[in-house]
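Asker: Structure: data-v3.txt, compact mmCIF, C-alpha atoms.
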# COMPACT_ATOMS: atom_id res chain seq x y z
CA MET A 1 14.31 1.14 3.49
CA ILE A 2 17.36 3.01 4.76
CA SER A 3 19.47 1.80 1.83
CA ALA A 4 16.80 2.87 -0.70
CA TRP A 5 16.51 6.25 1.06
CA LYS A 6 20.27 6.84 0.79
CA THR A 7 20.33 5.76 -2.86
CA SER A 8 17.46 8.11 -3.73
CA MET A 9 19.14 10.93 -1.82
CA ARG A 10 22.41 10.46 -3.74
CA SER A 11 20.68 10.25 -7.12
CA GLN A 12 18.02 12.87 -6.25
CA THR A 13 15.22 10.58 -7.42
CA SER A 14 11.80 10.30 -5.89
CA MET A 15 10.83 7.65 -3.40
CA VAL A 16 7.28 6.36 -2.94
CA LEU A 17 5.92 4.62 0.16
CA VAL A 18 2.46 3.09 -0.01
CA LEU A 19 0.65 1.72 3.03
CA ILE A 20 -2.28 -0.54 2.20
CA ASP A 21 -4.88 -1.82 4.64
CA ILE A 22 -7.60 -4.37 3.87
CA ASP A 23 -10.86 -2.68 4.88
CA PHE A 24 -12.91 -4.36 7.63
CA PHE A 25 -10.69 -7.45 7.57
CA LYS A 26 -11.83 -8.55 11.03
CA LYS A 27 -15.29 -9.19 9.53
CA VAL A 28 -13.73 -11.61 7.02
CA ASN A 29 -12.06 -13.59 9.81
CA ASP A 30 -15.20 -13.49 11.95
CA GLN A 31 -17.52 -14.61 9.15
CA TYR A 32 -15.34 -17.14 7.28
CA GLY A 33 -12.59 -18.09 9.73
CA HIS A 34 -8.87 -17.44 9.87
CA ALA A 35 -7.92 -20.00 7.20
CA VAL A 36 -10.08 -18.16 4.65
CA GLY A 37 -8.79 -14.83 5.96
CA ASP A 38 -5.23 -16.03 5.37
CA GLN A 39 -6.12 -16.88 1.77
CA VAL A 40 -7.65 -13.42 1.28
CA ILE A 41 -4.38 -11.91 2.52
CA LYS A 42 -2.40 -14.06 0.06
CA ASN A 43 -4.67 -13.02 -2.83
CA VAL A 44 -4.36 -9.31 -2.00
CA ALA A 45 -0.58 -9.70 -1.59
CA ALA A 46 -0.34 -11.33 -5.05
CA ILE A 47 -2.15 -8.39 -6.66
CA ILE A 48 0.13 -5.88 -4.91
CA GLN A 49 3.25 -7.91 -5.78
CA ASN A 50 2.20 -7.94 -9.44
CA TYR A 51 2.81 -4.17 -9.51
CA CYS A 52 6.40 -4.55 -8.27
CA ARG A 53 7.85 -4.79 -11.73
CA ARG A 54 11.22 -3.13 -11.36
CA GLU A 55 14.36 -4.41 -9.68
CA ASN A 56 14.14 -2.11 -6.64
CA ASP A 57 10.37 -2.34 -6.09
CA VAL A 58 9.49 -4.04 -2.80
CA ALA A 59 6.18 -5.12 -1.30
CA ALA A 60 5.81 -6.63 2.16
CA ARG A 61 3.20 -7.55 4.70
CA ILE A 62 3.82 -5.34 7.74
CA ASP A 63 0.90 -6.23 9.99
CA SER A 64 -2.07 -8.55 10.12
CA GLU A 65 -3.91 -7.03 7.15
CA GLU A 66 -1.54 -4.22 6.27
CA PHE A 67 1.04 -4.06 3.50
CA ALA A 68 3.76 -1.64 2.43
CA MET A 69 5.09 -1.01 -1.04
CA LEU A 70 8.31 0.90 -1.66
CA THR A 71 9.35 2.11 -5.09
CA SER A 72 11.12 5.02 -6.71
CA ASN A 73 11.28 7.34 -9.71
CA TYR A 74 7.60 8.29 -9.76
CA SER A 75 5.91 11.64 -9.40
CA HIS A 76 2.95 12.12 -7.08
CA GLU A 77 0.54 12.16 -10.04
CA ASN A 78 2.01 9.07 -11.71
CA PHE A 79 1.95 6.89 -8.62
CA ASP A 80 -1.51 8.09 -7.64
CA VAL A 81 -2.72 6.52 -10.92
CA ILE A 82 -0.89 3.24 -10.22
CA ALA A 83 -2.22 3.04 -6.65
CA GLU A 84 -5.73 3.62 -8.00
CA LYS A 85 -5.26 0.73 -10.47
CA ILE A 86 -4.20 -1.59 -7.64
CA ARG A 87 -7.14 -0.45 -5.49
CA ALA A 88 -9.62 -0.97 -8.33
CA GLN A 89 -8.26 -4.42 -9.16
CA ILE A 90 -8.57 -5.57 -5.55
CA ALA A 91 -12.08 -4.09 -5.19
CA SER A 92 -13.34 -5.70 -8.40
CA LYS A 93 -11.99 -9.19 -7.69
CA LYS A 94 -14.28 -11.83 -6.24
CA MET A 95 -12.07 -14.31 -4.42
CA GLU A 96 -13.37 -17.87 -4.60
CA ILE A 97 -12.14 -19.53 -1.43
CA ASP A 98 -13.51 -22.78 0.03
CA GLY A 99 -16.83 -22.31 -1.76
CA ASN A 100 -17.16 -18.69 -0.66
CA SER A 101 -17.16 -15.70 -2.99
CA ILE A 102 -15.45 -12.92 -1.05
CA ALA A 103 -14.99 -9.32 -2.08
CA VAL A 104 -12.71 -6.96 -0.17
CA SER A 105 -11.51 -3.43 -0.61
CA CYS A 106 -8.40 -1.63 0.55
CA SER A 107 -7.48 1.84 1.73
CA PHE A 108 -4.21 3.34 0.48
CA GLY A 109 -1.93 5.98 1.94
CA VAL A 110 0.78 7.18 -0.44
CA ALA A 111 3.71 9.48 0.34
CA VAL A 112 6.13 10.70 -2.31
CA THR A 113 9.39 12.54 -1.64
CA ILE A 114 12.88 13.20 -2.86
CA PRO A 115 15.02 12.29 0.15
CA ALA A 116 17.22 15.07 1.50
CA GLN A 117 19.34 15.80 4.59
CA ASP A 118 16.52 17.85 6.13
CA LYS A 119 13.95 15.03 5.77
CA SER A 120 13.57 11.89 7.86
CA ILE A 121 12.47 8.36 7.06
CA SER A 122 10.21 8.31 10.11
CA GLU A 123 8.43 11.48 8.98
CA PHE A 124 8.10 10.00 5.49
CA TYR A 125 6.44 6.92 7.02
CA LYS A 126 4.16 9.15 9.13
CA GLN A 127 3.05 10.99 5.97
CA ALA A 128 2.02 7.71 4.34
CA ASP A 129 0.29 6.61 7.54
CA THR A 130 -1.58 9.93 7.79
CA CYS A 131 -2.77 9.46 4.22
CA LEU A 132 -3.88 5.90 4.99
CA TYR A 133 -5.99 7.11 7.92
CA ALA A 134 -7.40 9.94 5.80
CA ALA A 135 -8.52 7.33 3.25
CA LYS A 136 -10.15 5.27 6.00
CA ASN A 137 -11.85 8.30 7.56
CA ALA A 138 -13.19 9.38 4.17
CA GLY A 139 -15.07 6.10 3.76
CA ARG A 140 -12.35 3.55 2.92
CA ASN A 141 -11.69 1.91 -0.46
CA ARG A 142 -9.78 4.93 -1.72
CA VAL A 143 -6.31 6.34 -2.27
CA PHE A 144 -4.91 9.40 -0.50
CA CYS A 145 -1.58 10.77 -1.69
CA LYS A 146 0.74 13.46 -0.33
CA ASN A 147 4.09 14.94 -1.26
CA TYR A 148 6.55 15.16 1.62
For this file, produce the structure as structure tokens.

Answerer:
Amino acid sequence: MISAWKTSMRSQTSMVLVLIDIDFFKKVNDQYGHAVGDQVIKNVAAIIQNYCRRENDVAARIDSEEFAMLTSNYSHENFDVIAEKIRAQIASKKMEIDGNSIAVSCSFGVAVTIPAQDKSISEFYKQADTCLYAAKNAGRNRVFCKNY
């Protein structure tokens, strides 16, 4: 992330950080077991990865049921639309796993910035995290976006 930050700072292009959390994932593990939960994670990851279409786009699993996506050259409004498409695709997909039809949703926190000397990566991450928790507190299965 540091390398991408420095590149965006030099070129004065926007950087987007998306934090994605599978809503109520513990219930999936409790109801279907961890093997099914692992498959749900893989299915959600595949959907997210499908939106990493450019050379510098990166998606990664950062916690049990949490993902991060890092990309650049988007405005707040443009990436808000893309995050909403990802959210809707995940929410509308019934995952057929071991004879179970499982539907999940995700909450999204999106931060957009043009890196500068007076901005920090940790604050950028905090902005995305704050948006993620705002999405969860507003009822989950939604996207919250903020410019930093």

Asker: Which of these, A:Tyr51, A:Thr71, A:Tyr148, A:Asp30, has the shortest distance to Ser120 in chain A once you count all atoms listed in the file?

Answerer: A:Tyr148

Asker: Can you pull out every residue within 10 Å of Lys126 in chain A, counting all atoms listed in the file, but drop anything in the same chain fewer than 4 positions away, and send it as a list in words?

Answerer: Gly109, Ala111, Ser120, Ile121, Ser122, Thr130, Cys131, Leu132 and Tyr148 of chain A

Asker: Using all atoms listed in the file, which of A:Val104, A:Val28, A:Val112, A:Ile2 sits nearest Val44 in chain A?

Answerer: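 Closest to Val44 in chain A of all the choices is A:Val104.
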
Asker: Any idea what the distance is between CA of Ile86 in chain A and CA of Lys119 in chain A?

Answerer: 28.0 Å

Asker: Find the residue from A:Ala138, A:Asp98, A:Ala83, A:Ala91 that sits nearest to Ala35 in chain A; use only C-alpha atoms when measuring.

Answerer: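 Closest to Ala35 in chain A of all the choices is A:Asp98.
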
Asker: Nearest to Val40 in chain A: which of A:Asn100, A:Thr113, A:Ser72, A:Ser8 is it, counting only C-alpha atoms?

Answerer: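 Closest candidate: A:Asn100.
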
Asker: Return the single residue from A:Asn73, A:Asn137, A:Asn50, A:Ser64 that is closest to Ile22 in chain A, with distances computed using all atoms listed in the file.

Answerer: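 Between A:Asn73, A:Asn137, A:Asn50, A:Ser64, the residue approaching Ile22 in chain A most closely is A:Ser64.
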
Asker: So which one's closest to Asn147 in chain A, A:Ala116, A:Ile47, A:Val16, A:Lys94? Using all atoms listed in the file, please.

Answerer: A:Val16

Asker: What separation in Å, quoted to one decimal, exists between CA of Asp23 in chain A and CA of Lys136 in chain A?

Answerer: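 The value is 8.1 Å.
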
Asker: At most 8 Å from (-5.9, -2.6, 6.6), file frame, all atoms listed in the file: which residues, as a list in words?

Answerer: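 Nearby residues: Ile20, Asp21, Ile22, Asp23, Phe24, Phe25, Ser64, Glu65, Glu66, Phe67, Cys106 and Ser107 of chain A.
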
Asker: Go ahead and compute the interatomic distance for CA of Ile90 in chain A and CA of Glu55 in chain A, in Å to one decimal.

Answerer: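 If I compute the distance from CA of Ile90 in chain A to CA of Glu55 in chain A, I get 23.3 Å.
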